[in-house]
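Heads up, target-v1.txt below (compact mmCIF, C-alpha atoms):
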# COMPACT_ATOMS: atom_id res chain seq x y z
CA PHE A 1 2.76 1.08 -14.59
CA ASN A 2 5.58 0.16 -16.88
CA LEU A 3 8.28 2.82 -16.68
CA PHE A 4 10.41 1.14 -19.32
CA VAL A 5 7.67 1.41 -21.93
CA ILE A 6 7.28 5.12 -21.19
CA GLN A 7 11.05 5.56 -21.40
CA GLY A 8 11.13 3.79 -24.74
CA GLN A 9 8.31 5.88 -26.17
CA THR A 10 9.52 9.26 -24.92
CA GLY A 11 13.29 8.82 -24.79
CA MET A 12 13.37 10.52 -21.39
CA ASN A 13 15.75 9.48 -18.62
CA ILE A 14 14.34 6.57 -16.58
CA LEU A 15 15.20 8.33 -13.30
CA ARG A 16 13.20 11.40 -14.32
CA ILE A 17 10.21 9.21 -15.17
CA ALA A 18 10.52 7.31 -11.89
CA ALA A 19 10.72 10.58 -9.94
CA ALA A 20 7.54 11.78 -11.65
CA ALA A 21 5.79 8.53 -10.68
CA ILE A 22 6.67 8.74 -6.98
CA PRO A 23 3.57 10.79 -5.95
CA PHE A 24 1.27 8.24 -7.57
CA PHE A 25 3.13 5.39 -5.87
CA LEU A 26 2.76 7.13 -2.51
CA LEU A 27 -0.98 7.58 -3.06
CA ILE A 28 -1.33 3.88 -3.80
CA MET A 29 0.60 3.05 -0.62
CA VAL A 30 -1.64 5.36 1.45
CA ALA A 31 -4.74 3.70 -0.02
CA LEU A 32 -3.31 0.26 0.77
CA VAL A 33 -2.63 1.23 4.38
CA MET A 34 -6.10 2.77 4.77
CA ILE A 35 -7.79 -0.36 3.39
CA THR A 36 -5.65 -2.55 5.64
CA ILE A 37 -6.48 -0.53 8.76
CA PHE A 38 -10.14 0.14 7.86
CA PRO A 39 -11.41 -2.77 5.72
CA GLU A 40 -14.96 -1.38 6.02
CA ILE A 41 -13.98 1.19 3.37
CA VAL A 42 -14.21 -1.52 0.73
CA THR A 43 -17.69 -2.68 1.71
CA VAL A 44 -19.46 0.68 2.10
CA LEU A 45 -20.74 0.95 -1.47
CA PRO A 46 -21.88 -2.69 -1.81
CA ASN A 47 -23.68 -2.40 1.53
CA MET A 48 -25.41 0.79 0.38
CA MET A 49 -26.49 -0.86 -2.87
CA SER A 50 -27.91 -3.96 -1.17
CA GLY A 51 -29.84 -1.91 1.36
Could you render the structure from this file as structure tokens?
Amino acid sequence: FNLFVIQGQTGMNILRIAAAAIPFFLLIMVALVMITIFPEIVTVLPNMMSG
């Protein structure tokens, strides 16, 4: 996500925009850790589709 584009379009303070983006960043980090620890998560759906 490009915070500077959002800041340019809205005129809001960049720190306020960054603070609003922190929960989404944390969710991405949690997903990354989960996929790193449990790589089977990524292959569940393809395995189900192939039978």
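Note that the spacing between atom CA of Phe24 of chain A and atom CA of Asn2 of chain A amounts to 13.1 Å.
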Grab all the atoms of segment 34-41 of chain A that the file lists, wrap them in a box along x, y and z, add 5 Å per side, and give me centre plus edge lengths in Å (one decimal) as lines of an AutoDock Vina configuration file.
center_x = -10.3
center_y = 0.0
center_z = 6.1
size_x = 19.3
size_y = 15.5
size_z = 15.4
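Of the listed residues (A:Gly51, A:Thr36, A:Thr43, A:Leu3), A:Leu3 comes nearest to Ala18 of chain A; the distances count only C-alpha atoms.
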Between atom CA of Gln7 of chain A and atom CA of Ala19 of chain A, distance in Å (one decimal):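 About the pair atom CA of Gln7 of chain A and atom CA of Ala19 of chain A: they are 12.5 Å apart.
Here atom CA of Met49 of chain A and atom CA of Val33 of chain A stand 25.0 Å from one another.
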Residue nearest Ala20 of chain A - candidates A:Met48, A:Ile6, A:Met34, A:Ile41, atoms counted: only C-alpha atoms: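 Closest to Ala20 of chain A, using only C-alpha atoms: A:Ile6.
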Since the input has fewer atoms than a full residue there, write segment 23-43 of chain A out with N, CA and C atoms, as a PDB file, in the frame of the given file.
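Result file rebuild.pdb:
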ATOM      1  N   PRO A  23       4.820  10.391  -6.624  1.00  0.00           N
ATOM      2  CA  PRO A  23       3.570  10.790  -5.950  1.00  0.00           C
ATOM      3  C   PRO A  23       2.431   9.797  -6.140  1.00  0.00           C
ATOM      4  N   PHE A  24       2.316   9.225  -7.319  1.00  0.00           N
ATOM      5  CA  PHE A  24       1.270   8.240  -7.570  1.00  0.00           C
ATOM      6  C   PHE A  24       1.510   6.969  -6.773  1.00  0.00           C
ATOM      7  N   PHE A  25       2.772   6.561  -6.669  1.00  0.00           N
ATOM      8  CA  PHE A  25       3.130   5.390  -5.870  1.00  0.00           C
ATOM      9  C   PHE A  25       2.777   5.623  -4.407  1.00  0.00           C
ATOM     10  N   LEU A  26       3.069   6.820  -3.911  1.00  0.00           N
ATOM     11  CA  LEU A  26       2.760   7.130  -2.510  1.00  0.00           C
ATOM     12  C   LEU A  26       1.253   7.121  -2.263  1.00  0.00           C
ATOM     13  N   LEU A  27       0.477   7.625  -3.211  1.00  0.00           N
ATOM     14  CA  LEU A  27      -0.980   7.580  -3.060  1.00  0.00           C
ATOM     15  C   LEU A  27      -1.498   6.150  -3.012  1.00  0.00           C
ATOM     16  N   ILE A  28      -0.929   5.289  -3.823  1.00  0.00           N
ATOM     17  CA  ILE A  28      -1.330   3.880  -3.800  1.00  0.00           C
ATOM     18  C   ILE A  28      -0.972   3.249  -2.451  1.00  0.00           C
ATOM     19  N   MET A  29       0.190   3.588  -1.911  1.00  0.00           N
ATOM     20  CA  MET A  29       0.600   3.050  -0.620  1.00  0.00           C
ATOM     21  C   MET A  29      -0.324   3.542   0.497  1.00  0.00           C
ATOM     22  N   VAL A  30      -0.716   4.817   0.455  1.00  0.00           N
ATOM     23  CA  VAL A  30      -1.640   5.360   1.450  1.00  0.00           C
ATOM     24  C   VAL A  30      -2.985   4.640   1.368  1.00  0.00           C
ATOM     25  N   ALA A  31      -3.474   4.421   0.156  1.00  0.00           N
ATOM     26  CA  ALA A  31      -4.740   3.700  -0.020  1.00  0.00           C
ATOM     27  C   ALA A  31      -4.628   2.281   0.522  1.00  0.00           C
ATOM     28  N   LEU A  32      -3.518   1.624   0.277  1.00  0.00           N
ATOM     29  CA  LEU A  32      -3.310   0.260   0.770  1.00  0.00           C
ATOM     30  C   LEU A  32      -3.330   0.223   2.293  1.00  0.00           C
ATOM     31  N   VAL A  33      -2.656   1.171   2.918  1.00  0.00           N
ATOM     32  CA  VAL A  33      -2.630   1.230   4.380  1.00  0.00           C
ATOM     33  C   VAL A  33      -4.027   1.506   4.928  1.00  0.00           C
ATOM     34  N   MET A  34      -4.743   2.442   4.307  1.00  0.00           N
ATOM     35  CA  MET A  34      -6.100   2.770   4.770  1.00  0.00           C
ATOM     36  C   MET A  34      -7.026   1.557   4.665  1.00  0.00           C
ATOM     37  N   ILE A  35      -6.940   0.822   3.563  1.00  0.00           N
ATOM     38  CA  ILE A  35      -7.790  -0.360   3.390  1.00  0.00           C
ATOM     39  C   ILE A  35      -7.392  -1.458   4.373  1.00  0.00           C
ATOM     40  N   THR A  36      -6.109  -1.550   4.684  1.00  0.00           N
ATOM     41  CA  THR A  36      -5.650  -2.550   5.640  1.00  0.00           C
ATOM     42  C   THR A  36      -6.138  -2.218   7.052  1.00  0.00           C
ATOM     43  N   ILE A  37      -6.068  -0.940   7.419  1.00  0.00           N
ATOM     44  CA  ILE A  37      -6.480  -0.530   8.760  1.00  0.00           C
ATOM     45  C   ILE A  37      -8.004  -0.502   8.883  1.00  0.00           C
ATOM     46  N   PHE A  38      -8.681  -0.002   7.853  1.00  0.00           N
ATOM     47  CA  PHE A  38     -10.140   0.140   7.860  1.00  0.00           C
ATOM     48  C   PHE A  38     -10.753  -0.657   6.704  1.00  0.00           C
ATOM     49  N   PRO A  39     -10.883  -1.965   6.826  1.00  0.00           N
ATOM     50  CA  PRO A  39     -11.410  -2.770   5.720  1.00  0.00           C
ATOM     51  C   PRO A  39     -12.868  -2.446   5.381  1.00  0.00           C
ATOM     52  N   GLU A  40     -13.571  -1.753   6.281  1.00  0.00           N
ATOM     53  CA  GLU A  40     -14.960  -1.380   6.020  1.00  0.00           C
ATOM     54  C   GLU A  40     -15.075  -0.429   4.831  1.00  0.00           C
ATOM     55  N   ILE A  41     -13.991   0.263   4.500  1.00  0.00           N
ATOM     56  CA  ILE A  41     -13.980   1.190   3.370  1.00  0.00           C
ATOM     57  C   ILE A  41     -14.399   0.466   2.089  1.00  0.00           C
ATOM     58  N   VAL A  42     -13.959  -0.764   1.949  1.00  0.00           N
ATOM     59  CA  VAL A  42     -14.210  -1.520   0.730  1.00  0.00           C
ATOM     60  C   VAL A  42     -15.672  -1.939   0.609  1.00  0.00           C
ATOM     61  N   THR A  43     -16.330  -2.140   1.736  1.00  0.00           N
ATOM     62  CA  THR A  43     -17.690  -2.680   1.710  1.00  0.00           C
ATOM     63  C   THR A  43     -18.781  -1.630   1.834  1.00  0.00           C
TER      64      THR A  43
END
